[in-house]
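**Q** The structure follows.
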Amino acid sequence: MVEIKHIPAIGRSAAEVSAIVADPGFGKVFTDHMARAKYSTELGWHDVVIEPYAPLSMDPAMLAIHYGQSIFEGMKAYRWADGSVHTFRPEMNAKRFQRSARRLAMPEPAEELFLAMVKQLVVTDKSYVPVGGDKSLYIRPFMFASEVGLGVRPATEYLFLVIASPVGAYFDPAKAVSVWVSTEYVRAAPGGTGEAKCAGNYAASLIAQAQAKAQGCDQVIWLDAIERKWIEEMGGMNLFFVLGSGDEAQLLTPELTGTLLPGVTRDSLIQLGNDLGFDTHEGKISVDELYDSIASGRITEVFACGTAAVISPIGEIKSATRNVTIGDGKPGPVTMKMRKALLDIQTGQARDEHNWMYRLA
Ligand SMILES: *Cc1c(COP(=O)(O)O)cnc(C)c1O
């Protein structure tokens, strides 16, 4: 058992919380509390607490700011019709957090500690979990080097925090996003940190994201670092390609080469695709093959997936040399079927055959 101390916040009134959860936006308002654990090489994990959400005070020489030992996770909690609150495959997030920590030479919180902190925060701030639709409570566990000093080496002190924010539907069913294939920059190279969910990966991707925006695109598609040829993923989501259509449709997602982030949503959709009767597999696809297959009609739909947006249909792919519209540029039927199948499990409307759901409150 993880022992967690509770320091209650005064917090918002019930009326204020109701107004927030009725129209939450994305990641702007946080709940009344946060979970925190400290680590030092001397004491290990200690001082685990649920305390009022508040700014942290930090020393200007805190190591995380200078050398970037900083990792995070993203999860969602859904309120079901009976009022109970559930999250999706949290043990996968806990294990990935450990792998990210290992890669950045940080201490690995036990799965039990990770789950206890998430659970206690959600129990404490349960009133912030929105009701209905695809609204949810977004949960953000993160850890960084809190030791003070300028020596370059793994820190000896860390903070592990969990914060949460009610979020609305992130998805407009009438709209598919457009994506920019970055040929100038790379996200991750073999032996690098592509598989780790670390802050630095995002920092390195922002310039390409700005380039995508300038080209009228919403997101970036990254290619492999060596041949600059193989499709890897989007900045914060994994990719799926639909080959053929109707009951014969097959799904393909880029294989995990060590430079892709292994998404929980990706893993779940490989299983769900096969459950729904679509032959779903992992493989390699080059950017030229992608363009040609879309042009010839062999690839009929493309979508991205991740915890935040669940599934995001892609309508258009652009690069410096080629533009292509997928199908009629609108969300396709296989994409929408996969999206509904996953959301129905997450919101408690479909049977959870794989025991993916985990009751938090
Ligand atoms: C978090 C993340 C994903 C999606 O992972 P999920 O576990 O499905 O949310 C994909 N790519 C990157 C780079 C990510 O950071």
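The chains in the structure tokens are called A, B, ... from first to last as shown; in each chain the residues are counted from 1, and the ligands are counted from 1 in the order shown.
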Within 9 Å of ligand 1, counting only C-alpha atoms and all ligand atoms: which residues, as an MDAnalysis selection string?
**A** chainID A and resid 72:75 92:93 96 187 194:199 201:202 233:239 260:268 304:310
**Q** Give the helix (DSSP H, G or I) residues of stretch 126-223 of chain A, as assigned by DSSP on the backbone, as a VMD selection string.
**A** chain A and resid 126 to 128 199 to 214
**Q** Rounded to one decimal, what separation in Å do you get between atom CA of A:Tyr128 and atom CA of A:Glu51?
**A** 15.9 Å
**Q** Please identify which residues in stretch 68-312 of chain A DSSP calls strand (DSSP E) from the backbone, and express them as a ChimeraX atom specification.
**A** /A:70-72,75-79,85-88,136-145,157-167,177-182,219-223,231-234,238-243,250-254,279-283,299-306,310-312
**Q** Of the residues A:Val177, A:Ala208, A:Ala188, A:Met143, which is the one nearest to A:Ile326, using only C-alpha atoms?
**A** A:Val177
**Q** Go through A:Arg103, A:Lys175, A:Arg140, A:His86 and flag the residue nearest A:Thr31, using only C-alpha atoms for the distances.
**A**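 Smallest distance to A:Thr31 is found for A:Arg140.
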**Q** Extract, using only C-alpha atoms, all DNA, RNA and protein residues at most 12 Å from A:Glu42, discarding same-chain residues fewer than 5 positions from it, and format them as a list in words.
**A**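 With the cut-off at 12 Å, the set is Thr156, Glu157 and Tyr158 of chain A.
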**Q** Keeping only C-alpha atoms, write those residues as an mmCIF file, in the first residue's frame.
**A**
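selection.cif was written with the following content:
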data_model
loop_
_atom_site.group_PDB
_atom_site.id
_atom_site.type_symbol
_atom_site.label_atom_id
_atom_site.label_comp_id
_atom_site.auth_asym_id
_atom_site.auth_seq_id
_atom_site.Cartn_x
_atom_site.Cartn_y
_atom_site.Cartn_z
ATOM 1 C CA THR A 156 19.767 12.962 -7.491
ATOM 2 C CA GLU A 157 16.404 14.631 -6.704
ATOM 3 C CA TYR A 158 13.123 14.547 -8.635
#
**Q** Tell me which protein, DNA and RNA residues are within 12 Å of A:Ala81, counting only C-alpha atoms, leaving out same-chain ones fewer than 4 positions away, and put them as a ChimeraX atom specification.
**A** /A:85-86,130-133,344,346-349
**Q** Could you list, as a ChimeraX atom specification, every residue within 7 Å of A:Pro313, counting only C-alpha atoms and ignoring same-chain residues fewer than 5 positions away?
**A** /A:176-177,302-304,331,335
**Q** Would you save the residues from that selection as a PDB file, in the first residue's frame, using all heavy atoms?
**A**
ATOM      1  N   ALA A 176     -11.899  16.839 -41.372  1.00  0.00           N
ATOM      2  CA  ALA A 176     -10.685  16.031 -41.326  1.00  0.00           C
ATOM      3  C   ALA A 176      -9.514  17.015 -41.311  1.00  0.00           C
ATOM      4  O   ALA A 176      -9.616  18.108 -41.862  1.00  0.00           O
ATOM      5  CB  ALA A 176     -10.613  15.137 -42.553  1.00  0.00           C
ATOM      6  N   VAL A 177      -8.399  16.643 -40.680  1.00  0.00           N
ATOM      7  CA  VAL A 177      -7.268  17.569 -40.594  1.00  0.00           C
ATOM      8  C   VAL A 177      -6.351  17.415 -41.807  1.00  0.00           C
ATOM      9  O   VAL A 177      -6.369  16.401 -42.508  1.00  0.00           O
ATOM     10  CB  VAL A 177      -6.453  17.382 -39.280  1.00  0.00           C
ATOM     11  CG1 VAL A 177      -7.331  17.638 -38.063  1.00  0.00           C
ATOM     12  CG2 VAL A 177      -5.822  16.004 -39.207  1.00  0.00           C
ATOM     13  N   VAL A 302      -7.122   7.701 -43.994  1.00  0.00           N
ATOM     14  CA  VAL A 302      -5.954   7.810 -43.119  1.00  0.00           C
ATOM     15  C   VAL A 302      -6.431   8.489 -41.839  1.00  0.00           C
ATOM     16  O   VAL A 302      -7.230   9.423 -41.903  1.00  0.00           O
ATOM     17  CB  VAL A 302      -4.827   8.661 -43.770  1.00  0.00           C
ATOM     18  CG1 VAL A 302      -3.616   8.770 -42.842  1.00  0.00           C
ATOM     19  CG2 VAL A 302      -4.405   8.072 -45.124  1.00  0.00           C
ATOM     20  N   PHE A 303      -5.986   7.969 -40.701  1.00  0.00           N
ATOM     21  CA  PHE A 303      -6.323   8.668 -39.459  1.00  0.00           C
ATOM     22  C   PHE A 303      -5.182   8.588 -38.465  1.00  0.00           C
ATOM     23  O   PHE A 303      -4.299   7.734 -38.563  1.00  0.00           O
ATOM     24  CB  PHE A 303      -7.639   8.140 -38.854  1.00  0.00           C
ATOM     25  CG  PHE A 303      -7.653   6.697 -38.430  1.00  0.00           C
ATOM     26  CD1 PHE A 303      -7.196   6.309 -37.183  1.00  0.00           C
ATOM     27  CD2 PHE A 303      -8.156   5.719 -39.287  1.00  0.00           C
ATOM     28  CE1 PHE A 303      -7.236   4.978 -36.781  1.00  0.00           C
ATOM     29  CE2 PHE A 303      -8.195   4.385 -38.897  1.00  0.00           C
ATOM     30  CZ  PHE A 303      -7.731   4.008 -37.638  1.00  0.00           C
ATOM     31  N   ALA A 304      -5.205   9.535 -37.527  1.00  0.00           N
ATOM     32  CA  ALA A 304      -4.215   9.565 -36.456  1.00  0.00           C
ATOM     33  C   ALA A 304      -4.924   9.208 -35.158  1.00  0.00           C
ATOM     34  O   ALA A 304      -6.143   9.359 -35.049  1.00  0.00           O
ATOM     35  CB  ALA A 304      -3.622  10.964 -36.357  1.00  0.00           C
ATOM     36  N   PRO A 331     -14.024  12.647 -43.164  1.00  0.00           N
ATOM     37  CA  PRO A 331     -13.812  11.434 -42.358  1.00  0.00           C
ATOM     38  C   PRO A 331     -14.488  10.220 -43.005  1.00  0.00           C
ATOM     39  O   PRO A 331     -15.635  10.303 -43.430  1.00  0.00           O
ATOM     40  CB  PRO A 331     -14.489  11.780 -41.028  1.00  0.00           C
ATOM     41  CG  PRO A 331     -14.490  13.269 -40.958  1.00  0.00           C
ATOM     42  CD  PRO A 331     -14.622  13.746 -42.379  1.00  0.00           C
ATOM     43  N   THR A 335     -12.754   4.779 -40.365  1.00  0.00           N
ATOM     44  CA  THR A 335     -12.256   5.675 -39.313  1.00  0.00           C
ATOM     45  C   THR A 335     -13.332   5.901 -38.255  1.00  0.00           C
ATOM     46  O   THR A 335     -13.081   5.778 -37.047  1.00  0.00           O
ATOM     47  CB  THR A 335     -11.865   7.038 -39.940  1.00  0.00           C
ATOM     48  OG1 THR A 335     -10.882   6.806 -40.947  1.00  0.00           O
ATOM     49  CG2 THR A 335     -11.321   8.012 -38.898  1.00  0.00           C
TER      50      THR A 335
END
**Q** With distances taken over only C-alpha atoms, which of A:Gly258, A:Gln209, A:Ala249, A:Ala35 is nearest to A:Ile299?
**A** A:Ala249
**Q** Could you pull the residues within 10 Å of A:Pro166, counting only C-alpha atoms, minus those fewer than 5 positions along the same chain, as a ChimeraX atom specification?
**A** /A:17,20-31,76-77,127-130,135-139
**Q** Considering only C-alpha atoms, can you say which of A:Gly44, A:Pro190, A:Gly273, A:Gly315 comes closest to A:Lys340?
**A**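 Ranked by minimum distance to A:Lys340, first place goes to A:Gly273.
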